[in-house]
>>> print(open('upload29.tsv').read())   # TSV, C-alpha atoms
chain	number	residue	atom	x	y	z
M	20	MET	CA	188.52	165.76	55.04
M	21	ILE	CA	185.81	167.40	57.12
M	22	THR	CA	182.89	165.52	58.66
M	23	PHE	CA	179.80	167.58	59.31
M	24	TYR	CA	177.03	166.46	61.67
M	25	TYR	CA	173.61	167.95	61.07
M	26	ALA	CA	169.89	167.38	61.57
M	27	PRO	CA	167.09	168.58	59.27
M	28	ASN	CA	165.05	171.59	60.41
M	29	THR	CA	167.72	172.81	62.78
M	30	CYS	CA	170.27	175.62	62.78
M	31	SER	CA	172.86	173.28	61.25
M	32	LEU	CA	171.42	174.21	57.84
M	33	ALA	CA	173.39	177.47	57.94
M	34	SER	CA	176.77	175.77	58.27
M	35	HIS	CA	175.77	173.09	55.76
M	36	ILE	CA	175.05	175.75	53.12
M	37	ALA	CA	178.27	177.59	53.95
M	38	LEU	CA	180.34	174.41	53.54
M	39	GLU	CA	178.69	173.73	50.19
M	40	GLU	CA	179.09	177.28	48.91
M	41	ALA	CA	182.71	177.45	50.11
M	42	GLY	CA	183.49	174.45	47.95
M	43	ALA	CA	184.68	172.44	50.94
M	44	GLU	CA	185.28	168.71	50.67
M	45	TYR	CA	183.17	167.23	53.41
M	46	SER	CA	180.96	164.32	54.29
M	47	ALA	CA	177.65	165.09	55.93
M	48	VAL	CA	176.27	162.80	58.64
M	49	ARG	CA	172.63	163.07	59.62
M	50	ILE	CA	171.76	162.81	63.33
M	51	ASN	CA	168.29	161.41	63.93
M	52	PHE	CA	166.61	163.77	66.39
M	53	GLU	CA	163.40	161.67	66.33
M	54	ALA	CA	165.43	158.80	67.83
M	55	ASP	CA	167.22	161.23	70.22
M	56	GLU	CA	170.49	160.26	68.57
M	57	GLN	CA	172.00	163.60	69.60
M	58	ARG	CA	172.03	162.29	73.18
M	59	SER	CA	173.50	158.88	72.33
M	60	ALA	CA	176.81	157.96	73.96
M	61	ARG	CA	178.37	157.78	70.50
M	62	TYR	CA	177.34	161.29	69.47
M	63	LEU	CA	178.15	162.79	72.88
M	64	MET	CA	181.74	161.81	72.19
M	65	VAL	CA	181.60	164.10	69.16
M	66	ASN	CA	179.68	166.88	70.88
M	67	PRO	CA	179.19	166.65	74.66
M	68	LYS	CA	176.52	169.35	74.38
M	69	GLY	CA	174.25	166.89	72.52
M	70	ARG	CA	173.47	169.39	69.78
M	71	VAL	CA	174.13	170.02	66.12
M	72	PRO	CA	176.03	171.26	64.20
M	73	ALA	CA	179.43	169.74	64.88
M	74	LEU	CA	182.37	169.94	62.50
M	75	VAL	CA	185.12	167.35	62.78
M	76	THR	CA	188.37	168.66	61.34
M	77	GLU	CA	191.93	167.36	61.27
M	78	ARG	CA	192.71	169.63	64.21
M	79	GLY	CA	189.70	168.73	66.33
M	80	ILE	CA	185.98	169.27	66.72
M	81	LEU	CA	184.17	172.58	66.48
M	82	THR	CA	180.66	173.38	67.69
M	83	GLU	CA	178.40	176.47	67.73
M	84	THR	CA	177.13	177.95	64.49
M	85	PRO	CA	178.79	181.41	64.63
M	86	ALA	CA	182.18	179.79	65.27
M	87	ILE	CA	181.74	177.23	62.48
M	88	LEU	CA	180.56	179.85	60.00
M	89	ALA	CA	183.54	182.12	60.64
M	90	TYR	CA	185.86	179.11	60.50
M	91	ILE	CA	184.52	178.14	57.09
M	92	ALA	CA	184.96	181.72	55.84
M	93	GLN	CA	188.55	181.83	57.15
M	94	SER	CA	189.46	178.35	55.92
M	95	PHE	CA	188.17	179.04	52.40
M	96	PRO	CA	189.13	182.68	51.93
M	97	LYS	CA	188.67	182.56	48.16
M	98	SER	CA	184.96	181.98	48.69
M	99	GLY	CA	184.73	185.55	49.99
M	100	LEU	CA	182.15	184.58	52.62
M	101	ALA	CA	183.32	187.20	55.16
M	102	PRO	CA	185.28	190.50	55.09
M	103	LEU	CA	188.31	188.90	56.71
M	104	ALA	CA	190.73	191.79	56.21
M	105	ASP	CA	188.49	194.42	57.80
M	106	PRO	CA	188.00	193.99	61.59
M	107	PHE	CA	185.04	196.38	61.75
M	108	ALA	CA	183.18	194.79	58.83
M	109	PHE	CA	183.97	191.33	60.21
M	110	ALA	CA	182.60	192.45	63.60
M	111	GLN	CA	179.36	193.51	61.91
M	112	VAL	CA	179.07	190.01	60.45
M	113	GLN	CA	179.75	188.53	63.86
M	114	SER	CA	177.27	190.85	65.54
M	115	PHE	CA	174.50	189.67	63.23
M	116	ASN	CA	175.44	186.03	63.80
M	117	SER	CA	175.54	186.52	67.57
M	118	TYR	CA	172.04	187.98	67.41
M	119	MET	CA	170.88	184.96	65.43
M	120	CYS	CA	172.30	182.46	67.92
M	121	ALA	CA	171.59	184.22	71.21
M	122	THR	CA	168.26	185.93	70.49
M	123	VAL	CA	166.52	184.57	67.36
M	124	HIS	CA	167.44	180.92	67.91
M	125	VAL	CA	166.61	181.20	71.62
M	126	ALA	CA	163.20	182.75	70.92
M	127	HIS	CA	162.51	179.94	68.44
M	128	ALA	CA	163.73	177.26	70.88
M	129	HIS	CA	161.05	178.15	73.41
M	130	GLY	CA	158.60	176.45	71.06
M	131	LYS	CA	159.94	172.91	71.27
M	132	ARG	CA	162.74	173.08	73.84
M	133	GLY	CA	161.03	174.89	76.70
M	134	SER	CA	162.07	172.11	79.09
M	135	ARG	CA	165.56	173.60	79.01
M	136	TRP	CA	164.27	176.49	81.14
M	137	ALA	CA	161.26	175.16	83.06
M	138	ASP	CA	159.89	171.80	84.19
M	139	ASP	CA	156.26	172.71	84.77
M	140	LEU	CA	154.09	171.76	81.80
M	141	ALA	CA	151.90	174.84	82.12
M	142	ALA	CA	154.98	177.07	82.07
M	143	ILE	CA	156.30	175.26	78.98
M	144	ALA	CA	152.93	175.79	77.28
M	145	GLU	CA	153.09	179.49	78.17
M	146	MET	CA	156.53	179.73	76.55
M	147	GLN	CA	155.19	178.08	73.40
M	148	ARG	CA	152.34	180.56	73.34
M	149	LYS	CA	154.74	183.52	73.20
M	150	VAL	CA	156.96	182.20	70.38
M	151	PRO	CA	155.07	183.97	67.56
M	152	GLN	CA	155.43	187.26	69.43
M	153	SER	CA	159.10	186.92	70.42
M	154	VAL	CA	160.26	185.51	67.07
M	155	GLY	CA	158.13	188.12	65.30
M	156	ALA	CA	159.82	190.89	67.31
M	157	CYS	CA	163.25	189.54	66.27
M	158	PHE	CA	162.26	189.61	62.61
M	159	ASP	CA	160.82	193.13	63.01
M	160	LEU	CA	164.29	194.24	64.09
M	161	ILE	CA	165.96	192.29	61.28
M	162	GLU	CA	163.57	193.76	58.68
M	163	ARG	CA	163.89	197.32	60.02
M	164	GLU	CA	167.52	197.55	61.14
M	165	LEU	CA	169.76	194.60	60.40
M	166	LEU	CA	169.10	193.35	56.85
M	167	LYS	CA	170.77	195.97	54.68
M	168	GLY	CA	169.73	194.40	51.39
M	169	PRO	CA	169.99	192.81	49.00
M	170	TRP	CA	172.12	190.64	51.31
M	171	VAL	CA	172.34	190.94	55.08
M	172	MET	CA	175.55	192.96	54.92
M	173	GLY	CA	174.56	194.91	51.79
M	174	GLU	CA	175.94	194.25	48.33
M	175	THR	CA	178.16	191.35	49.37
M	176	TYR	CA	176.91	187.87	50.23
M	177	THR	CA	178.38	186.58	53.53
M	178	ILE	CA	178.00	183.85	56.15
M	179	CYS	CA	175.14	185.92	57.62
M	180	ASP	CA	172.91	185.04	54.67
M	181	PRO	CA	172.55	181.28	55.18
M	182	TYR	CA	172.06	181.93	58.90
M	183	LEU	CA	169.18	184.33	58.28
M	184	PHE	CA	167.71	181.97	55.67
M	185	THR	CA	167.79	179.10	58.18
M	186	PHE	CA	165.52	180.86	60.65
M	187	ALA	CA	163.39	182.53	57.96
M	188	GLN	CA	162.55	179.00	56.81
M	189	MET	CA	161.12	178.32	60.29
M	190	LEU	CA	158.79	181.35	60.43
M	191	GLU	CA	155.62	179.46	59.49
M	192	GLY	CA	156.44	176.74	62.04
M	193	ASP	CA	156.93	179.46	64.64
M	194	GLY	CA	153.48	180.84	63.91
M	195	VAL	CA	154.76	184.03	62.29
M	196	ASP	CA	153.39	185.28	58.97
M	197	PRO	CA	156.39	185.89	56.67
M	198	ALA	CA	154.35	188.43	54.69
M	199	ARG	CA	155.00	190.89	57.53
M	200	PHE	CA	158.62	191.04	56.39
M	201	PRO	CA	158.95	191.90	52.68
M	202	LYS	CA	162.75	192.28	52.74
M	203	VAL	CA	163.24	189.01	54.60
M	204	THR	CA	160.83	187.26	52.21
M	205	ASP	CA	162.67	188.61	49.18
M	206	HIS	CA	165.96	187.47	50.72
M	207	ARG	CA	164.51	184.02	51.39
M	208	ASN	CA	163.32	183.72	47.80
M	209	ARG	CA	166.72	184.67	46.42
M	210	MET	CA	168.46	182.28	48.80
M	211	SER	CA	166.15	179.42	47.78
M	212	VAL	CA	167.31	179.47	44.16
M	213	ARG	CA	171.05	179.49	44.80
M	214	PRO	CA	172.47	176.19	43.52
M	215	GLY	CA	174.28	175.35	46.78
M	216	VAL	CA	171.18	176.07	48.83
M	217	ARG	CA	168.97	173.94	46.57
M	218	LYS	CA	171.42	171.07	46.80
M	219	VAL	CA	171.73	171.18	50.58
M	220	VAL	CA	168.01	171.62	51.23
M	221	ALA	CA	167.21	168.69	48.91
M	222	GLU	CA	169.80	166.52	50.67
M	223	GLU	CA	168.57	167.42	54.16
M	224	LEU	CA	164.93	166.75	53.32
M	225	ALA	CA	165.58	163.57	51.32
R	11	MET	CA	188.25	207.46	70.34
R	12	ILE	CA	185.92	204.64	71.37
R	13	THR	CA	182.82	205.13	73.52
R	14	PHE	CA	181.71	202.08	75.45
R	15	TYR	CA	178.22	201.74	76.93
R	16	TYR	CA	177.85	199.37	79.86
R	17	ALA	CA	175.79	198.60	82.94
R	18	PRO	CA	177.03	197.05	86.18
R	19	ASN	CA	176.23	193.37	86.82
R	20	THR	CA	175.65	192.61	83.14
R	21	CYS	CA	177.58	190.85	80.40
R	22	SER	CA	179.15	194.17	79.36
R	23	LEU	CA	181.80	193.52	82.03
R	24	ALA	CA	183.57	191.13	79.63
R	25	SER	CA	184.07	193.73	76.91
R	26	HIS	CA	184.96	196.38	79.49
R	27	ILE	CA	187.79	194.22	80.82
R	28	ALA	CA	188.97	193.40	77.29
R	29	LEU	CA	189.10	197.10	76.35
R	30	GLU	CA	191.10	197.86	79.47
R	31	GLU	CA	193.51	194.97	79.02
R	32	ALA	CA	193.98	195.74	75.32
R	33	GLY	CA	195.18	199.21	76.27
R	34	ALA	CA	192.41	200.85	74.24
R	35	GLU	CA	191.67	204.55	74.60
R	36	TYR	CA	187.99	204.69	75.42
R	37	SER	CA	185.43	206.49	77.46
R	38	ALA	CA	182.94	204.35	79.40
R	39	VAL	CA	179.33	205.49	79.76
R	40	ARG	CA	177.14	203.84	82.36
R	41	ILE	CA	173.54	203.07	81.42
R	42	ASN	CA	171.18	203.12	84.38
R	43	PHE	CA	169.16	199.90	84.22
R	44	GLU	CA	167.26	200.80	87.41
R	45	ALA	CA	165.84	203.82	85.53
R	46	ASP	CA	165.28	201.69	82.38
R	47	GLU	CA	167.69	203.98	80.54
R	48	GLN	CA	168.48	201.17	78.09
R	49	ARG	CA	164.99	201.68	76.64
R	50	SER	CA	165.19	205.48	76.47
R	51	ALA	CA	164.81	207.08	73.03
R	52	ARG	CA	168.35	208.44	73.36
R	53	TYR	CA	169.95	205.06	74.01
R	54	LEU	CA	167.85	203.25	71.43
R	55	MET	CA	169.54	205.48	68.85
R	56	VAL	CA	172.83	203.91	69.95
R	57	ASN	CA	171.49	200.37	70.23
R	58	PRO	CA	167.98	199.67	68.93
R	59	LYS	CA	168.05	196.38	70.83
R	60	GLY	CA	167.95	198.27	74.13
R	61	ARG	CA	170.80	196.25	75.59
R	62	VAL	CA	174.40	196.64	76.64
R	63	PRO	CA	177.21	196.49	75.65
R	64	ALA	CA	177.49	198.86	72.71
R	65	LEU	CA	180.75	200.09	71.28
R	66	VAL	CA	180.76	203.33	69.29
R	67	THR	CA	183.73	203.46	66.92
R	68	GLU	CA	184.76	205.84	64.15
R	69	ARG	CA	183.27	203.40	61.66
R	70	GLY	CA	179.96	202.84	63.42
R	71	ILE	CA	178.35	201.06	66.33
R	72	LEU	CA	178.91	197.44	67.33
R	73	THR	CA	176.74	195.33	69.61
R	74	GLU	CA	176.81	191.72	70.89
R	75	THR	CA	179.57	190.59	73.23
R	76	PRO	CA	181.25	187.91	71.06
R	77	ALA	CA	181.50	190.38	68.16
R	78	ILE	CA	182.89	193.15	70.36
R	79	LEU	CA	185.41	190.84	72.03
R	80	ALA	CA	186.78	189.58	68.71
R	81	TYR	CA	186.83	193.16	67.37
R	82	ILE	CA	188.93	194.30	70.34
R	83	ALA	CA	191.34	191.39	69.84
R	84	GLN	CA	191.67	192.18	66.11
R	85	SER	CA	191.95	195.94	66.60
R	86	PHE	CA	194.70	195.60	69.23
R	87	PRO	CA	196.66	192.63	67.92
R	88	LYS	CA	199.68	193.35	70.12
R	89	SER	CA	197.57	192.58	73.17
R	90	GLY	CA	197.51	188.94	72.05
R	91	LEU	CA	193.91	188.47	73.20
R	92	ALA	CA	193.05	185.92	70.47
R	93	PRO	CA	194.95	183.51	68.17
R	94	LEU	CA	194.24	185.65	65.12
R	95	ALA	CA	196.57	183.86	62.71
R	96	ASP	CA	195.16	180.39	63.35
R	97	PRO	CA	191.58	179.88	62.07
R	98	PHE	CA	191.06	176.67	64.06
R	99	ALA	CA	192.30	178.12	67.35
R	100	PHE	CA	190.31	181.29	66.70
R	101	ALA	CA	187.22	179.15	66.06
R	102	GLN	CA	187.72	177.44	69.42
R	103	VAL	CA	187.73	180.87	71.06
R	104	GLN	CA	184.59	181.79	69.17
R	105	SER	CA	182.91	178.50	70.04
R	106	PHE	CA	183.43	179.15	73.74
R	107	ASN	CA	182.13	182.70	73.41
R	108	SER	CA	179.08	181.53	71.44
R	109	TYR	CA	178.31	179.06	74.22
R	110	MET	CA	178.57	181.88	76.76
R	111	CYS	CA	176.18	184.15	74.87
R	112	ALA	CA	173.65	181.63	73.57
R	113	THR	CA	173.51	179.12	76.43
R	114	VAL	CA	175.06	180.44	79.67
R	115	HIS	CA	173.77	184.00	79.34
R	116	VAL	CA	170.35	182.72	78.25
R	117	ALA	CA	170.10	180.32	81.21
R	118	HIS	CA	171.03	183.20	83.53
R	119	ALA	CA	168.56	185.59	81.87
R	120	HIS	CA	165.60	183.38	82.79
R	121	GLY	CA	166.12	184.63	86.35
R	122	LYS	CA	165.30	188.30	85.81
R	123	ARG	CA	164.25	188.54	82.17
R	124	GLY	CA	161.72	185.74	81.91
R	125	SER	CA	159.18	188.16	80.45
R	126	ARG	CA	161.10	187.93	77.19
R	127	TRP	CA	159.72	184.42	76.73
R	128	ALA	CA	156.44	184.29	78.66
R	129	ASP	CA	153.85	186.72	79.98
R	130	ASP	CA	152.19	184.60	82.64
R	131	LEU	CA	153.58	185.36	86.10
R	132	ALA	CA	153.44	181.72	87.23
R	133	ALA	CA	155.44	180.68	84.14
R	134	ILE	CA	158.02	183.40	84.82
R	135	ALA	CA	158.32	182.15	88.41
R	136	GLU	CA	158.81	178.60	87.10
R	137	MET	CA	161.65	179.83	84.87
R	138	GLN	CA	163.29	181.55	87.83
R	139	ARG	CA	163.03	178.35	89.82
R	140	LYS	CA	165.04	176.40	87.24
R	141	VAL	CA	167.92	178.91	86.93
R	142	PRO	CA	170.17	177.24	89.54
R	143	GLN	CA	169.77	173.92	87.69
R	144	SER	CA	170.27	175.24	84.13
R	145	VAL	CA	173.14	177.60	84.99
R	146	GLY	CA	174.66	174.84	87.14
R	147	ALA	CA	174.52	172.44	84.19
R	148	CYS	CA	176.32	174.98	82.01
R	149	PHE	CA	179.09	175.34	84.55
R	150	ASP	CA	179.32	171.56	84.91
R	151	LEU	CA	180.14	171.43	81.20
R	152	ILE	CA	182.57	174.33	81.48
R	153	GLU	CA	184.34	172.73	84.45
R	154	ARG	CA	184.46	169.27	82.85
R	155	GLU	CA	185.01	170.01	79.15
R	156	LEU	CA	185.58	173.62	78.16
R	157	LEU	CA	187.96	175.26	80.66
R	158	LYS	CA	191.34	173.82	79.72
R	159	GLY	CA	193.25	175.61	82.47
R	160	PRO	CA	194.87	177.64	83.72
R	161	TRP	CA	193.03	179.88	81.23
R	162	VAL	CA	189.98	178.91	79.18
R	163	MET	CA	192.06	178.11	76.09
R	164	GLY	CA	194.99	176.64	78.05
R	165	GLU	CA	198.29	178.38	78.64
R	166	THR	CA	197.34	181.57	76.82
R	167	TYR	CA	194.97	184.21	78.16
R	168	THR	CA	192.29	185.21	75.61
R	169	ILE	CA	188.99	187.09	75.25
R	170	CYS	CA	187.29	183.96	76.59
R	171	ASP	CA	188.63	184.63	80.08
R	172	PRO	CA	186.84	187.89	80.90
R	173	TYR	CA	183.66	186.39	79.43
R	174	LEU	CA	183.83	183.34	81.73
R	175	PHE	CA	184.72	185.58	84.68
R	176	THR	CA	181.66	187.76	84.00
R	177	PHE	CA	179.22	184.88	84.43
R	178	ALA	CA	181.22	183.20	87.20
R	179	GLN	CA	180.73	186.42	89.17
R	180	MET	CA	176.97	185.88	88.89
R	181	LEU	CA	176.90	182.30	90.22
R	182	GLU	CA	175.84	183.19	93.77
R	183	GLY	CA	173.10	185.46	92.41
R	184	ASP	CA	171.93	182.59	90.21
R	185	GLY	CA	171.64	180.33	93.25
R	186	VAL	CA	174.58	178.13	92.26
R	187	ASP	CA	177.30	177.20	94.76
R	188	PRO	CA	180.65	178.06	93.13
R	189	ALA	CA	182.37	175.46	95.32
R	190	ARG	CA	181.00	172.82	92.92
R	191	PHE	CA	183.46	174.09	90.30
R	192	PRO	CA	187.06	174.16	91.63
R	193	LYS	CA	188.64	175.03	88.26
R	194	VAL	CA	186.16	177.84	87.62
R	195	THR	CA	186.70	179.16	91.15
R	196	ASP	CA	190.46	179.11	90.75
R	197	HIS	CA	190.07	180.92	87.41
R	198	ARG	CA	187.80	183.51	89.02
R	199	ASN	CA	190.31	184.12	91.80
R	200	ARG	CA	193.16	184.62	89.35
R	201	MET	CA	191.01	186.92	87.21
R	202	SER	CA	190.05	189.02	90.24
R	203	VAL	CA	193.63	190.06	90.96
R	204	ARG	CA	194.57	191.15	87.44
R	205	PRO	CA	195.16	194.92	87.50
R	206	GLY	CA	192.82	195.61	84.55
R	207	VAL	CA	190.05	193.53	86.10
R	208	ARG	CA	190.41	195.23	89.49
R	209	LYS	CA	190.26	198.66	87.86
R	210	VAL	CA	187.18	197.89	85.77
R	211	VAL	CA	185.29	196.13	88.58
R	212	ALA	CA	186.00	199.03	90.94
R	213	GLU	CA	184.81	201.54	88.34
R	214	GLU	CA	181.62	199.61	87.56
R	215	LEU	CA	180.69	199.20	91.22
R	216	ALA	CA	181.63	202.76	92.25
>>> encode(input="upload29.tsv", output="structure tokens")
Amino acid sequence: MITFYYAPNTCSLASHIALEEAGAEYSAVRINFEADEQRSARYLMVNPKGRVPALVTERGILTETPAILAYIAQSFPKSGLAPLADPFAFAQVQSFNSYMCATVHVAHAHGKRGSRWADDLAAIAEMQRKVPQSVGACFDLIERELLKGPWVMGETYTICDPYLFTFAQMLEGDGVDPARFPKVTDHRNRMSVRPGVRKVVAEELA
Amino acid sequence: MITFYYAPNTCSLASHIALEEAGAEYSAVRINFEADEQRSARYLMVNPKGRVPALVTERGILTETPAILAYIAQSFPKSGLAPLADPFAFAQVQSFNSYMCATVHVAHAHGKRGSRWADDLAAIAEMQRKVPQSVGACFDLIERELLKGPWVMGETYTICDPYLFTFAQMLEGDGVDPARFPKVTDHRNRMSVRPGVRKVVAEELA
């Protein structure tokens, strides 16, 4: 049995959707970011980084979204969530997910987590000010180059899709007008009506 | 035949070492960051992100270090650079590499690439000021939790090792005293004398 730690409105949504769509048996545990529970002694024993997601398996604990997503795809191969038998196609999936975690997520994080990279309040405010531009530039690249359509990797739905959906859901909060990105918006609409996505989103926001 | 685009003193060193140690046939092309060649029209056709590394294969172009590293391990399975047959162990490798790209690399990048996240010069200077602290905190976690020893994943050398080495090489430049991290320093010393590492470092710095 897998235990999955998540928090609403964070990147853990991607792994949550993937678990659900893979048909995994898991229990989901919500971490209360408002109460700073991610930095509690109890949670730091699960994930010393003090972040979500974290996936507790029989073999041990996994963190970091790209690693968890690929693990879910490999552990539930019948779900077809990644092109496991084709190293090049799998690398394309991984390349997209690396871009999400190291560039898109990081651009987004300068909005509320600027204190990771500066202490001065004016500098943190300057970072916040640039979020619409830097996140917008990421989604320009996604719209123009990375999202093949109808799914991220083309005809086949993969672990890239819930990851893109997760950050597309944050566009308004990042001060970016989603209407600039018709392909991303269409993707987001089609993601929103998938049964697994509806179930997970409803659970996270309950 | 693979073509590999790199620049000295960047994260492309990790993939360069992995290619060499996998015994891949490849040609390495240096991109001149001093001349801003990564943003030239010619290079943007290779990688529209304007970054290194980029790996040009018969099937297409791959970017993002964690994706390239796993691709090299999968394409040259005899090199034993990743536990390909064990999804959990592979996920641990990927988790480490995700941390390197999304947290360690990002902390480092606030030193010279602060303009990605703020325009104001005082804010950029504030980001630079915090680099020793944020990079130092990353290496505290690596030293204490992530580096199992003697190699990152324990007894077996993997694609995690050149990635750790790449950012350990930058510690002095980031204003962090490597002596704080005895395990990382020992790892760096053992990496430095591997024949493939010596060859690639010499070529990059030539």
>>> residues_near_point(input="upload29.tsv", point="(174.7, 174.4, 46.5)", cutoff="12 Å", atoms="only C-alpha atoms", output="list in words")
Leu32, Ala33, His35, Ile36, Ala37, Leu38, Glu39, Glu40, Ala41, Gly42, Ala43, Pro181, Met210, Ser211, Val212, Arg213, Pro214, Gly215, Val216, Arg217, Lys218, Val219, Val220, Ala221 and Glu222 of chain M
>>> write_last_selection(input="upload29.tsv", atoms="C-alpha atoms", output="PDB file, in the frame of the given file")
ATOM      1  CA  LEU M  32     171.420 174.210  57.840  1.00  0.00           C
ATOM      2  CA  ALA M  33     173.390 177.470  57.940  1.00  0.00           C
ATOM      3  CA  HIS M  35     175.770 173.090  55.760  1.00  0.00           C
ATOM      4  CA  ILE M  36     175.050 175.750  53.120  1.00  0.00           C
ATOM      5  CA  ALA M  37     178.270 177.590  53.950  1.00  0.00           C
ATOM      6  CA  LEU M  38     180.340 174.410  53.540  1.00  0.00           C
ATOM      7  CA  GLU M  39     178.690 173.730  50.190  1.00  0.00           C
ATOM      8  CA  GLU M  40     179.090 177.280  48.910  1.00  0.00           C
ATOM      9  CA  ALA M  41     182.710 177.450  50.110  1.00  0.00           C
ATOM     10  CA  GLY M  42     183.490 174.450  47.950  1.00  0.00           C
ATOM     11  CA  ALA M  43     184.680 172.440  50.940  1.00  0.00           C
ATOM     12  CA  PRO M 181     172.550 181.280  55.180  1.00  0.00           C
ATOM     13  CA  MET M 210     168.460 182.280  48.800  1.00  0.00           C
ATOM     14  CA  SER M 211     166.150 179.420  47.780  1.00  0.00           C
ATOM     15  CA  VAL M 212     167.310 179.470  44.160  1.00  0.00           C
ATOM     16  CA  ARG M 213     171.050 179.490  44.800  1.00  0.00           C
ATOM     17  CA  PRO M 214     172.470 176.190  43.520  1.00  0.00           C
ATOM     18  CA  GLY M 215     174.280 175.350  46.780  1.00  0.00           C
ATOM     19  CA  VAL M 216     171.180 176.070  48.830  1.00  0.00           C
ATOM     20  CA  ARG M 217     168.970 173.940  46.570  1.00  0.00           C
ATOM     21  CA  LYS M 218     171.420 171.070  46.800  1.00  0.00           C
ATOM     22  CA  VAL M 219     171.730 171.180  50.580  1.00  0.00           C
ATOM     23  CA  VAL M 220     168.010 171.620  51.230  1.00  0.00           C
ATOM     24  CA  ALA M 221     167.210 168.690  48.910  1.00  0.00           C
ATOM     25  CA  GLU M 222     169.800 166.520  50.670  1.00  0.00           C
TER      26      GLU M 222
END
>>> interface_residues(input="upload29.tsv", of="chain M", to="chain R", cutoff="6 Å", atoms="all atoms listed in the file", output="CSV table (one decimal) with C-alpha atoms, in the coordinates of the input")
chain,number,residue,atom,x,y,z
M,83,GLU,CA,178.4,176.5,67.7
M,86,ALA,CA,182.2,179.8,65.3
M,90,TYR,CA,185.9,179.1,60.5
M,106,PRO,CA,188.0,194.0,61.6
M,110,ALA,CA,182.6,192.4,63.6
M,113,GLN,CA,179.8,188.5,63.9
M,114,SER,CA,177.3,190.8,65.5
M,120,CYS,CA,172.3,182.5,67.9
M,121,ALA,CA,171.6,184.2,71.2
M,136,TRP,CA,164.3,176.5,81.1
M,137,ALA,CA,161.3,175.2,83.1
M,142,ALA,CA,155.0,177.1,82.1
M,145,GLU,CA,153.1,179.5,78.2
M,146,MET,CA,156.5,179.7,76.6
M,149,LYS,CA,154.7,183.5,73.2
>>> closest_residue(input="upload29.tsv", among="M:Ala225, M:Val203, M:Val171, M:Ala54", to="Ala187 (chain M)", atoms="all atoms listed in the file")
M:Val203
>>> residues_around(input="upload29.tsv", residues="Val56 (chain R)", least_positions_apart="5", cutoff="9 Å", atoms="only C-alpha atoms", output="JSON, numbers by chain")
{"R": [64, 65, 66, 71]}
>>> atom_distance(input="upload29.tsv", atom1="CA of Arg198 (chain R)", atom2="CA of Gln48 (chain R)")
28.4 Å
>>> atom_distance(input="upload29.tsv", atom1="CA of Ala60 (chain M)", atom2="CA of Phe23 (chain M)")
17.8 Å
>>> atom_distance(input="upload29.tsv", atom1="CA of Ala26 (chain M)", atom2="CA of Arg58 (chain M)")
12.9 Å
>>> closest_residue(input="upload29.tsv", among="R:Thr13, R:Arg190, R:Leu54, R:Leu91", to="Glu35 (chain R)", atoms="only C-alpha atoms")
R:Thr13
>>> residues_near_point(input="upload29.tsv", point="(159.7, 183.3, 63.3)", cutoff="7 Å", atoms="only C-alpha atoms", output="number ranges by chain")
M: 127, 151, 154-155, 158, 186-187, 189-191, 193-195
>>> write_last_selection(input="upload29.tsv", atoms="C-alpha atoms", output="short mmCIF file (atom, residue, chain, number, x, y, z; two decimals), in the frame of the given file")
data_model
loop_
_atom_site.label_atom_id
_atom_site.label_comp_id
_atom_site.auth_asym_id
_atom_site.auth_seq_id
_atom_site.Cartn_x
_atom_site.Cartn_y
_atom_site.Cartn_z
CA HIS M 127 162.51 179.94 68.44
CA PRO M 151 155.07 183.97 67.56
CA VAL M 154 160.26 185.51 67.07
CA GLY M 155 158.13 188.12 65.30
CA PHE M 158 162.26 189.61 62.61
CA PHE M 186 165.52 180.86 60.65
CA ALA M 187 163.39 182.53 57.96
CA MET M 189 161.12 178.32 60.29
CA LEU M 190 158.79 181.35 60.43
CA GLU M 191 155.62 179.46 59.49
CA ASP M 193 156.93 179.46 64.64
CA GLY M 194 153.48 180.84 63.91
CA VAL M 195 154.76 184.03 62.29
#
>>> closest_residue(input="upload29.tsv", among="R:Arg123, R:Arg154, R:Thr195, R:Pro93", to="Thr166 (chain R)", atoms="all atoms listed in the file")
R:Pro93
>>> closest_residue(input="upload29.tsv", among="M:Phe184, M:Ile178, M:Arg70, M:Lys202", to="Phe95 (chain M)", atoms="all atoms listed in the file")
M:Ile178
>>> axis_aligned_box(input="upload29.tsv", around="region 78-87 of chain R", padding_each_side="5 Å", output="JSON")
{"center_x": 189.8, "center_y": 192.8, "center_z": 69.1, "size_x": 23.8, "size_y": 16.4, "size_z": 15.9}
